[in-house]
>>> print(open('work10.txt').read())   # compact mmCIF, C-alpha atoms
# COMPACT_ATOMS: atom_id res chain seq x y z
CA MET S 1 0.00 0.00 0.00
CA ASN S 2 1.21 3.46 -0.92
CA ARG S 3 2.78 5.47 1.92
CA LYS S 4 0.56 8.41 1.08
CA VAL S 5 -2.54 6.23 1.42
CA ILE S 6 -1.36 4.98 4.81
CA ALA S 7 -0.62 8.57 5.87
CA ILE S 8 -4.07 9.77 4.85
CA MET S 9 -5.69 6.81 6.63
CA LEU S 10 -3.81 7.66 9.82
CA ILE S 11 -4.76 11.32 9.50
CA ALA S 12 -8.40 10.29 9.06
CA LEU S 13 -8.25 8.02 12.10
CA VAL S 14 -6.67 10.72 14.25
CA LEU S 15 -9.22 13.23 12.94
CA VAL S 16 -12.17 10.95 13.74
CA TRP S 17 -10.79 10.25 17.20
CA GLY S 18 -10.18 13.97 17.71
CA LEU S 19 -13.71 14.82 16.59
CA TYR S 20 -15.09 12.23 18.98
CA PHE S 21 -13.24 13.66 21.97
CA PHE S 22 -13.83 17.26 20.96
CA THR S 23 -17.58 16.79 20.75
CA MET S 24 -17.55 14.76 23.97
CA GLU S 25 -15.70 17.59 25.79
CA GLY S 26 -18.42 19.97 24.58
CA ASN S 27 -21.05 17.82 26.28
CA LYS S 28 -19.13 17.68 29.55
CA GLU S 29 -18.63 21.45 29.63
CA ALA S 30 -22.32 22.01 29.04
CA LYS S 31 -23.28 19.70 31.90
CA GLU S 32 -20.76 21.28 34.27
CA GLU S 33 -22.01 24.75 33.42
CA LYS S 34 -25.60 23.72 33.98
CA LEU S 35 -25.16 22.29 37.47
CA PRO S 36 -24.00 25.38 39.44
CA GLN S 37 -26.73 27.47 37.83
CA GLN S 38 -29.41 25.08 39.04
CA ASP S 39 -27.94 25.32 42.56
CA VAL S 40 -28.20 29.12 42.55
CA VAL S 41 -31.86 29.00 41.56
CA GLU S 42 -32.59 26.53 44.33
CA GLU S 43 -30.72 28.59 46.94
CA ASN S 44 -32.60 31.76 45.98
CA ASN S 45 -35.83 29.84 46.29
CA GLY S 46 -38.11 32.10 44.32
CA ASP S 47 -36.04 35.25 44.59
CA SER S 48 -34.37 34.65 41.29
CA VAL S 49 -34.25 38.24 39.98
CA ASP S 50 -30.46 38.59 40.29
CA THR S 51 -29.86 35.28 38.62
CA GLU S 52 -32.19 36.20 35.79
CA GLU S 53 -30.31 39.46 35.15
CA VAL S 54 -27.03 37.62 34.85
CA VAL S 55 -28.70 35.07 32.65
CA ASP S 56 -29.89 37.75 30.23
CA LYS S 57 -26.43 39.25 29.91
CA GLU S 58 -24.87 35.87 29.33
CA ALA S 59 -27.47 34.80 26.83
CA SER S 60 -26.92 37.48 24.24
CA GLU S 61 -25.36 35.07 21.78
CA LEU S 62 -26.85 31.98 20.22
CA ALA S 63 -24.97 28.90 21.35
CA ILE S 64 -26.03 25.33 21.94
CA ASP S 65 -26.04 24.14 25.55
CA LYS S 66 -25.97 27.76 26.73
CA LEU S 67 -28.89 29.90 27.81
CA ALA S 68 -31.10 30.70 24.85
CA PRO S 69 -31.06 34.43 23.99
CA ASN S 70 -34.03 35.98 25.70
CA PHE S 71 -36.51 38.07 23.75
CA THR S 72 -39.71 39.94 24.42
CA LEU S 73 -42.28 40.17 21.65
CA GLU S 74 -45.90 41.11 21.37
CA SER S 75 -48.32 38.25 20.93
CA LEU S 76 -51.39 38.29 18.72
CA ASP S 77 -53.43 38.77 21.93
CA GLY S 78 -51.56 42.02 22.54
CA GLU S 79 -49.58 40.85 25.59
CA MET S 80 -45.79 41.12 25.87
CA VAL S 81 -44.25 37.67 26.03
CA SER S 82 -40.67 36.83 27.05
CA LEU S 83 -38.93 33.56 26.52
CA LYS S 84 -37.84 33.52 30.14
CA ASP S 85 -41.50 33.54 31.24
CA TYR S 86 -41.57 29.89 30.30
CA ARG S 87 -38.79 28.55 32.53
CA GLY S 88 -39.87 25.17 33.83
CA LYS S 89 -41.34 24.15 30.48
CA ILE S 90 -39.87 22.91 27.26
CA VAL S 91 -40.18 25.65 24.66
CA LEU S 92 -40.39 25.15 20.92
CA ILE S 93 -39.62 28.41 19.13
CA ASN S 94 -40.89 28.16 15.59
CA PHE S 95 -39.96 30.90 13.11
CA TRP S 96 -42.47 31.08 10.29
CA ALA S 97 -44.35 33.26 7.82
CA THR S 98 -47.82 33.01 6.29
CA TRP S 99 -46.48 32.77 2.71
CA CYS S 100 -44.22 29.81 3.55
CA LYS S 101 -45.68 26.56 2.15
CA PHE S 102 -43.72 24.26 4.47
CA CYS S 103 -44.75 26.34 7.50
CA ASP S 104 -48.32 25.87 6.35
CA GLN S 105 -47.85 22.10 6.28
CA GLU S 106 -46.15 22.11 9.67
CA MET S 107 -48.75 24.21 11.51
CA PRO S 108 -51.38 21.46 12.08
CA ASP S 109 -48.67 19.26 13.60
CA LEU S 110 -47.58 22.09 15.90
CA GLN S 111 -51.20 22.46 16.97
CA ARG S 112 -51.47 18.74 17.66
CA LEU S 113 -48.24 18.81 19.64
CA HIS S 114 -49.49 21.82 21.61
CA GLN S 115 -52.72 20.02 22.52
CA GLU S 116 -51.07 16.76 23.50
CA ASN S 117 -48.19 18.01 25.68
CA ASP S 118 -48.72 19.99 28.86
CA ASP S 119 -45.01 20.40 29.51
CA LEU S 120 -44.44 22.06 26.13
CA VAL S 121 -44.95 25.66 25.08
CA ILE S 122 -44.99 26.59 21.43
CA LEU S 123 -43.90 30.10 20.54
CA ALA S 124 -44.64 30.58 16.86
CA VAL S 125 -42.70 33.69 15.88
CA ASP S 126 -44.04 35.27 12.72
CA VAL S 127 -41.27 37.19 11.01
CA MET S 128 -41.80 40.61 9.45
CA GLU S 129 -45.47 40.46 8.51
CA GLU S 130 -48.51 42.60 9.15
CA ARG S 131 -50.55 41.74 12.22
CA GLU S 132 -53.82 41.57 10.24
CA GLU S 133 -52.37 39.08 7.81
CA VAL S 134 -51.12 36.83 10.63
CA GLU S 135 -54.39 37.13 12.54
CA LYS S 136 -56.36 36.08 9.46
CA TYR S 137 -54.10 33.09 8.88
CA ILE S 138 -54.20 31.88 12.50
CA GLU S 139 -57.94 32.32 12.72
CA LYS S 140 -58.50 30.42 9.51
CA GLY S 141 -56.32 27.53 10.71
CA GLY S 142 -57.93 27.50 14.16
CA TYR S 143 -54.55 27.45 15.92
CA ASP S 144 -54.47 28.34 19.59
CA PHE S 145 -50.78 28.20 20.51
CA LYS S 146 -48.88 31.43 21.26
CA VAL S 147 -48.17 33.43 18.13
CA LEU S 148 -45.65 36.25 18.48
CA LEU S 149 -44.86 39.04 16.06
CA ASP S 150 -41.28 39.87 15.15
CA PRO S 151 -42.00 42.92 12.94
CA LYS S 152 -38.38 43.90 12.30
CA GLY S 153 -36.99 40.38 12.22
CA GLU S 154 -34.63 41.14 15.10
CA VAL S 155 -35.28 37.92 16.99
CA ALA S 156 -35.02 35.92 13.76
CA ARG S 157 -31.61 37.52 13.18
CA THR S 158 -30.45 36.74 16.71
CA TYR S 159 -31.48 33.12 16.13
CA LEU S 160 -29.66 33.09 12.77
CA VAL S 161 -32.77 32.08 10.91
CA GLY S 162 -31.84 31.46 7.29
CA GLY S 163 -35.16 30.08 6.03
CA PHE S 164 -38.67 29.15 7.08
CA PRO S 165 -39.67 27.23 9.02
CA THR S 166 -36.84 27.02 11.52
CA SER S 167 -37.41 25.63 14.99
CA TYR S 168 -35.38 25.76 18.18
CA PHE S 169 -35.92 23.78 21.34
CA VAL S 170 -35.22 25.23 24.78
CA ASP S 171 -35.25 23.09 27.90
CA GLU S 172 -36.88 23.74 31.28
CA ASP S 173 -33.78 25.63 32.49
CA GLY S 174 -33.76 27.94 29.49
CA MET S 175 -30.86 26.14 27.80
CA LEU S 176 -30.82 26.08 24.03
CA LEU S 177 -30.79 22.43 23.03
CA GLY S 178 -30.55 22.79 19.26
CA GLY S 179 -32.53 23.57 16.20
CA VAL S 180 -34.10 22.12 13.11
CA PRO S 181 -33.92 24.07 9.88
CA GLY S 182 -36.87 23.21 7.67
CA MET S 183 -40.14 21.46 8.23
CA MET S 184 -40.50 18.75 10.85
CA THR S 185 -42.99 15.95 10.70
CA TYR S 186 -45.16 15.16 13.68
CA ALA S 187 -43.11 12.01 14.33
CA GLN S 188 -39.87 13.99 14.32
CA MET S 189 -41.27 16.57 16.75
CA ASN S 190 -42.35 13.79 19.08
CA GLN S 191 -38.99 12.06 18.80
CA ILE S 192 -37.19 15.27 19.80
CA LEU S 193 -39.55 15.81 22.72
CA GLU S 194 -38.97 12.27 23.92
CA ASP S 195 -35.21 12.79 23.67
CA ILE S 196 -35.43 16.01 25.67
CA ARG S 197 -37.49 14.35 28.39
CA GLY S 198 -35.17 11.36 28.40
CA ASN S 199 -32.11 13.56 28.91
CA MET Z 1 -20.64 25.47 20.32
CA ARG Z 2 -22.43 27.68 17.83
CA PRO Z 3 -24.96 26.20 15.43
CA PHE Z 4 -23.02 27.81 12.57
CA PHE Z 5 -19.36 27.38 11.71
CA PHE Z 6 -19.07 31.08 10.93
CA SER Z 7 -21.50 33.93 10.95
CA TYR Z 8 -21.07 37.63 10.45
CA LYS Z 9 -24.13 39.85 10.00
CA SER Z 10 -26.18 38.19 7.26
CA ILE Z 11 -23.32 35.99 6.05
CA SER Z 12 -23.22 32.58 7.63
CA ILE Z 13 -21.41 29.38 6.81
CA SER Z 14 -23.18 26.38 8.22
CA TRP Z 15 -21.38 23.40 9.69
CA TYR Z 16 -22.95 21.42 6.88
CA MET Z 17 -21.22 23.54 4.24
CA PHE Z 18 -17.93 23.44 6.14
CA PHE Z 19 -17.97 19.66 6.61
CA THR Z 20 -19.00 19.13 2.98
CA LEU Z 21 -15.96 21.10 1.85
CA VAL Z 22 -13.56 19.39 4.24
CA SER Z 23 -14.78 15.85 3.58
CA ALA Z 24 -14.98 16.41 -0.19
CA SER Z 25 -11.39 17.69 -0.10
CA PHE Z 26 -10.22 14.57 1.75
CA GLY Z 27 -11.98 12.40 -0.84
CA TYR Z 28 -10.40 14.42 -3.64
CA ILE Z 29 -6.92 13.95 -2.19
CA MET Z 30 -7.50 10.22 -1.70
CA ALA Z 31 -8.81 9.79 -5.26
CA SER Z 32 -5.77 11.68 -6.61
CA ILE Z 33 -3.35 9.46 -4.65
CA LEU Z 34 -5.15 6.30 -5.78
CA ALA Z 35 -5.04 7.48 -9.40
CA THR Z 36 -1.25 7.15 -9.30
CA GLU Z 37 -1.52 3.76 -7.56
CA TYR Z 38 -3.86 2.47 -10.24
CA ARG Z 39 -1.72 3.98 -13.00
CA GLU Z 40 -4.39 6.31 -14.23
CA LYS Z 41 -4.03 9.96 -15.17
CA LYS Z 42 -4.52 12.09 -12.09
CA ASP Z 43 -6.42 14.88 -13.87
CA LYS Z 44 -8.82 12.38 -15.41
CA ILE Z 45 -9.61 10.85 -12.02
CA GLN Z 46 -9.98 14.31 -10.49
CA ASP Z 47 -12.44 15.29 -13.23
CA ILE Z 48 -14.44 12.12 -12.62
CA TYR Z 49 -14.43 12.80 -8.87
CA LEU Z 50 -16.00 16.22 -9.41
CA ILE Z 51 -18.59 14.77 -11.81
CA LEU Z 52 -19.47 12.08 -9.26
CA LEU Z 53 -19.72 14.65 -6.50
CA ILE Z 54 -22.27 16.65 -8.46
CA VAL Z 55 -24.18 13.59 -9.72
CA GLY Z 56 -24.16 12.13 -6.19
CA PHE Z 57 -25.69 15.28 -4.71
CA ILE Z 58 -28.32 15.50 -7.43
CA GLY Z 59 -29.14 11.81 -7.01
CA ALA Z 60 -29.32 12.13 -3.24
CA ARG Z 61 -31.69 15.05 -3.60
CA PHE Z 62 -33.89 13.30 -6.16
CA GLY Z 63 -33.92 10.18 -4.03
CA TYR Z 64 -35.33 12.21 -1.17
CA VAL Z 65 -37.84 14.05 -3.35
CA LEU Z 66 -39.08 10.77 -4.86
CA ARG Z 67 -39.63 9.40 -1.37
CA HIS Z 68 -41.54 12.53 -0.30
CA PRO Z 69 -43.34 13.77 -3.42
CA ASP Z 70 -46.17 15.36 -1.42
CA LEU Z 71 -43.74 17.86 0.12
CA TYR Z 72 -42.65 19.20 -3.24
CA ARG Z 73 -45.78 18.97 -5.37
CA ASP Z 74 -46.72 22.60 -4.71
CA ASN Z 75 -43.22 23.80 -3.85
CA ILE Z 76 -41.18 23.08 -6.90
CA PHE Z 77 -38.53 25.71 -6.03
CA SER Z 78 -37.86 24.02 -2.71
CA LEU Z 79 -36.13 21.28 -4.66
CA PHE Z 80 -33.05 23.47 -4.69
CA LYS Z 81 -32.94 23.96 -0.94
CA LEU Z 82 -30.34 21.48 0.26
CA SER Z 83 -29.48 20.27 3.69
CA HIS Z 84 -28.17 16.93 4.93
CA TYR Z 85 -31.63 16.17 6.29
CA ASN Z 86 -33.27 16.26 2.90
CA LEU Z 87 -30.81 14.08 1.02
CA SER Z 88 -31.11 10.37 0.47
CA PHE Z 89 -27.97 8.30 1.17
CA LEU Z 90 -29.18 5.49 -1.08
CA GLY Z 91 -30.15 7.93 -3.83
CA GLY Z 92 -26.64 9.37 -3.81
CA ILE Z 93 -24.98 5.97 -3.96
CA LEU Z 94 -27.22 4.62 -6.71
CA SER Z 95 -26.82 7.69 -8.90
CA GLY Z 96 -23.04 7.64 -8.34
CA PHE Z 97 -22.91 3.96 -9.26
CA ILE Z 98 -24.94 4.44 -12.46
CA ALA Z 99 -22.78 7.44 -13.38
CA LEU Z 100 -19.64 5.31 -12.87
CA ILE Z 101 -20.92 2.72 -15.37
CA PHE Z 102 -21.33 5.43 -18.03
CA ILE Z 103 -18.05 7.13 -17.11
CA SER Z 104 -16.23 3.80 -17.38
CA ARG Z 105 -17.39 3.48 -20.99
CA ILE Z 106 -16.80 7.10 -21.91
CA TYR Z 107 -13.30 7.31 -20.40
CA GLY Z 108 -12.34 3.73 -21.22
CA ILE Z 109 -11.34 2.85 -17.65
CA ALA Z 110 -12.23 -0.52 -16.16
CA ILE Z 111 -15.24 -0.29 -13.83
CA GLU Z 112 -13.45 -2.26 -11.07
CA LYS Z 113 -10.68 0.33 -11.02
CA LEU Z 114 -13.13 3.21 -10.84
CA LEU Z 115 -15.18 1.48 -8.18
CA SER Z 116 -12.13 0.82 -6.06
CA ILE Z 117 -10.84 4.40 -6.33
CA PHE Z 118 -14.12 6.16 -5.75
CA THR Z 119 -15.61 3.94 -3.09
CA THR Z 120 -12.38 4.39 -1.09
CA ALA Z 121 -12.63 8.17 -1.48
CA PHE Z 122 -16.33 7.99 -0.60
CA TYR Z 123 -15.71 6.02 2.63
CA LEU Z 124 -13.06 8.51 3.70
CA SER Z 125 -15.32 11.49 2.98
CA MET Z 126 -18.20 9.92 4.86
CA ALA Z 127 -16.04 8.98 7.87
CA ILE Z 128 -15.31 12.68 8.34
CA GLY Z 129 -18.50 14.20 6.94
CA ILE Z 130 -20.81 12.20 9.20
CA TRP Z 131 -19.56 14.31 12.15
CA VAL Z 132 -21.56 17.27 10.91
CA LEU Z 133 -24.49 15.61 12.66
CA ARG Z 134 -22.75 16.29 15.95
CA PHE Z 135 -21.43 19.74 15.15
CA ASP Z 136 -24.55 21.50 13.99
CA ARG Z 137 -26.26 19.91 16.98
CA LEU Z 138 -29.56 19.71 15.20
CA LEU Z 139 -32.13 17.90 17.21
CA LEU Z 140 -32.85 15.30 14.58
CA SER Z 141 -29.27 14.25 14.92
CA LEU Z 142 -27.93 10.94 16.20
CA ASP Z 143 -26.28 10.36 19.52
CA HIS Z 144 -22.57 10.79 19.97
CA PHE Z 145 -21.59 7.12 20.14
CA LYS Z 146 -23.68 6.21 17.11
CA ILE Z 147 -21.90 8.85 15.04
CA LEU Z 148 -18.56 7.41 16.15
CA LEU Z 149 -19.72 3.93 15.13
CA LEU Z 150 -20.83 5.17 11.71
CA SER Z 151 -17.57 7.02 11.23
CA LEU Z 152 -15.52 3.96 12.18
CA MET Z 153 -17.70 1.80 9.95
CA PHE Z 154 -16.80 3.96 6.95
CA LEU Z 155 -13.12 3.76 7.92
CA VAL Z 156 -13.39 -0.04 8.07
CA GLY Z 157 -15.04 0.02 4.62
CA MET Z 158 -12.11 2.06 3.35
CA VAL Z 159 -9.52 -0.30 4.82
CA LEU Z 160 -11.35 -3.34 3.44
CA GLU Z 161 -11.55 -1.77 0.00
CA LEU Z 162 -7.87 -0.87 0.06
CA ALA Z 163 -6.87 -4.31 1.29
CA LEU Z 164 -9.19 -6.48 -0.80
CA GLY Z 165 -10.10 -4.33 -3.78
CA ARG Z 166 -6.67 -4.47 -5.40
CA ARG Z 167 -5.94 -8.05 -4.38
CA PHE Z 168 -8.98 -9.54 -6.06
CA LYS Z 169 -9.26 -6.99 -8.90
CA ASN Z 170 -12.91 -7.82 -9.22
CA LYS Z 171 -15.83 -5.41 -9.35
CA TYR Z 172 -17.89 -7.71 -7.17
CA THR Z 173 -15.48 -7.24 -4.25
CA SER Z 174 -16.04 -3.47 -4.24
CA ILE Z 175 -19.79 -3.89 -4.74
CA THR Z 176 -19.99 -6.40 -1.86
CA ILE Z 177 -18.09 -4.08 0.47
CA LEU Z 178 -20.27 -1.15 -0.62
CA LEU Z 179 -23.49 -3.11 -0.09
CA ALA Z 180 -22.30 -4.28 3.33
CA THR Z 181 -21.46 -0.69 4.28
CA VAL Z 182 -24.83 0.64 3.09
CA PHE Z 183 -26.60 -2.17 4.93
CA ALA Z 184 -24.65 -1.48 8.14
CA TYR Z 185 -25.36 2.26 7.74
CA TYR Z 186 -29.12 1.72 7.63
CA ILE Z 187 -28.99 -0.68 10.57
CA LEU Z 188 -27.00 1.77 12.68
CA ILE Z 189 -28.95 4.86 11.72
>>> encode(input="work10.txt", output="structure tokens")
Amino acid sequence: MNRKVIAIMLIALVLVWGLYFFTMEGNKEAKEEKLPQQDVVEENNGDSVDTEEVVDKEASELAIDKLAPNFTLESLDGEMVSLKDYRGKIVLINFWATWCKFCDQEMPDLQRLHQENDDLVILAVDVMEEREEVEKYIEKGGYDFKVLLDPKGEVARTYLVGGFPTSYFVDEDGMLLGGVPGMMTYAQMNQILEDIRGN
Amino acid sequence: MRPFFFSYKSISISWYMFFTLVSASFGYIMASILATEYREKKDKIQDIYLILLIVGFIGARFGYVLRHPDLYRDNIFSLFKLSHYNLSFLGGILSGFIALIFISRIYGIAIEKLLSIFTTAFYLSMAIGIWVLRFDRLLLSLDHFKILLLSLMFLVGMVLELALGRRFKNKYTSITILLATVFAYYILI
């Protein structure tokens, strides 16, 4: 066998091994970071204002296994909704638009998921559309999960949304678990939820 | 870890794009080295590699679309929106294999040689490329250990092809190893 072939095989092996340990280290760091934060919340026992302020500063950048960037947007009902209001629940942030065909196909599954899971909150963030248009769409579909309006697309930019639909999952502690670009099927949504609960 | 390899304002390079480039480059280097080993012109093999890369992607995409026609019936332009979650592994392999048969006739290179060179390059690319599933941390991804197993499986496929492919000089050896790898892939995934 050619020396060059052997060399490239060894490089590949080292690379694969390196990738394995690198991604494993990432997991460990995330777990270690998560533990002390949970302790602080427990010690404060309800008086978690200071912790929350720190959390907001830390969570300005989108990163997996870190606190999800907080945002406050107006819902279709007219109330101001923040991501951090939903600590203690799994949050599915779904970025969508009324003109998006795949979002349209995904919506009934989101509704079904919303009805079937009490520990899950769906925040459907409509990006850069008129309120009337969104209201008409939601009413027509008969959806009753939280629909938020991101009129300038600022939250979508923070979450690096490159296309619709894009979904992110946030755990009960506000940690960003990961995302799914593109449409999910009902089975895939359920699989992710099961994984989150299992972890 | 960020969900993107690089992002600045509206410009972002996804992990998927980064890993595609890195793994395709590894495959390209391997195919170039093997061209010399098999006494074929390097530039010819490099040209074929690029053709296969394009055909493989198109085949993988069509494989996925054929399996999910309802998703694209009213969204014809979405056909061009690629991600590793809307590609079919089998579609890519089948289209690459069919393309190799034609290329073998056009370029006048024995199919067993082409199979041996390009399946080796393919295994190497996949052994590295499969890690994108861990890096972009998408929630439809596989668990850590499973990705390692898949990556090692492709490396084993590569070693088997290198060890047996040239010894037996028979297209059926490469096809058997490829089928075994595809079978193992679907079992693991």
>>> interface_residues(input="work10.txt", of="chain S", to="chain Z", cutoff="10 Å", atoms="all atoms listed in the file", output="number ranges by chain")
S: 1-6, 8-9, 12-13, 15-17, 19-24, 26-27, 30, 61-66, 100-102, 105, 157-163, 167-169, 177-184, 188-189, 191-193, 195-196
>>> atom_distance(input="work10.txt", atom1="CA of Asp118 in chain S", atom2="CA of Lys140 in chain S")
24.1 Å
>>> atom_distance(input="work10.txt", atom1="CA of Val147 in chain S", atom2="CA of Ile93 in chain S")
10.0 Å
>>> residues_around(input="work10.txt", residues="Thr173 in chain Z", least_positions_apart="6", cutoff="10 Å", atoms="only C-alpha atoms", output="ChimeraX atom specification")
/Z:112,115-116,160-161,164-167,179
>>> closest_residue(input="work10.txt", among="S:Gly141, S:Gly198, S:Gly88, S:Gly18", to="Asp171 in chain S", atoms="all atoms listed in the file")
S:Gly88
>>> atom_distance(input="work10.txt", atom1="CA of Tyr143 in chain S", atom2="CA of Lys84 in chain S")
22.8 Å
>>> closest_residue(input="work10.txt", among="Z:Ile76, Z:Ala60, Z:Leu150, Z:Ile98", to="Ile187 in chain Z", atoms="all atoms listed in the file")
Z:Leu150
>>> residues_around(input="work10.txt", residues="Ala97 in chain S", least_positions_apart="6", cutoff="8 Å", atoms="all atoms listed in the file", output="number ranges by chain")
S: 103, 126-129, 164-165
>>> residues_around(input="work10.txt", residues="Leu149 in chain S", least_positions_apart="2", cutoff="6 Å", atoms="all atoms listed in the file", output="VMD selection string")
chain S and resid 74 125 to 126 151
>>> axis_aligned_box(input="work10.txt", around="range 63-78 of chain S", padding_each_side="5 Å", output="lines of an AutoDock Vina configuration file")
center_x = -39.2
center_y = 33.1
center_z = 23.3
size_x = 38.5
size_y = 27.9
size_z = 19.1
>>> build_atoms(input="work10.txt", residues="range 59-74 of chain Z", atoms="N, CA and C atoms", output="short mmCIF file (atom, residue, chain, number, x, y, z; two decimals), in the frame of the given file")
data_model
loop_
_atom_site.label_atom_id
_atom_site.label_comp_id
_atom_site.auth_asym_id
_atom_site.auth_seq_id
_atom_site.Cartn_x
_atom_site.Cartn_y
_atom_site.Cartn_z
N GLY Z 59 -28.47 13.08 -7.25
CA GLY Z 59 -29.14 11.81 -7.01
C GLY Z 59 -29.69 11.70 -5.60
N ALA Z 60 -28.90 12.18 -4.64
CA ALA Z 60 -29.32 12.13 -3.24
C ALA Z 60 -30.56 13.00 -3.04
N ARG Z 61 -30.55 14.14 -3.73
CA ARG Z 61 -31.69 15.05 -3.60
C ARG Z 61 -32.94 14.44 -4.27
N PHE Z 62 -32.75 13.90 -5.46
CA PHE Z 62 -33.89 13.30 -6.16
C PHE Z 62 -34.42 12.08 -5.41
N GLY Z 63 -33.51 11.34 -4.82
CA GLY Z 63 -33.92 10.18 -4.03
C GLY Z 63 -34.85 10.60 -2.91
N TYR Z 64 -34.51 11.71 -2.28
CA TYR Z 64 -35.33 12.21 -1.17
C TYR Z 64 -36.68 12.72 -1.69
N VAL Z 65 -36.61 13.47 -2.79
CA VAL Z 65 -37.84 14.05 -3.35
C VAL Z 65 -38.79 12.94 -3.80
N LEU Z 66 -38.24 11.89 -4.41
CA LEU Z 66 -39.08 10.77 -4.86
C LEU Z 66 -39.74 10.05 -3.69
N ARG Z 67 -39.06 10.06 -2.56
CA ARG Z 67 -39.63 9.40 -1.37
C ARG Z 67 -40.68 10.28 -0.69
N HIS Z 68 -40.59 11.60 -0.93
CA HIS Z 68 -41.54 12.53 -0.30
C HIS Z 68 -42.15 13.46 -1.34
N PRO Z 69 -42.83 12.91 -2.34
CA PRO Z 69 -43.34 13.77 -3.42
C PRO Z 69 -44.36 14.80 -2.95
N ASP Z 70 -45.12 14.45 -1.91
CA ASP Z 70 -46.17 15.36 -1.42
C ASP Z 70 -45.60 16.68 -0.90
N LEU Z 71 -44.35 16.64 -0.43
CA LEU Z 71 -43.74 17.86 0.12
C LEU Z 71 -43.37 18.85 -0.98
N TYR Z 72 -43.18 18.34 -2.18
CA TYR Z 72 -42.65 19.20 -3.24
C TYR Z 72 -43.65 19.47 -4.37
N ARG Z 73 -44.80 18.83 -4.29
CA ARG Z 73 -45.78 18.97 -5.37
C ARG Z 73 -46.13 20.45 -5.63
N ASP Z 74 -46.36 21.18 -4.54
CA ASP Z 74 -46.72 22.60 -4.71
C ASP Z 74 -45.55 23.53 -4.44
#
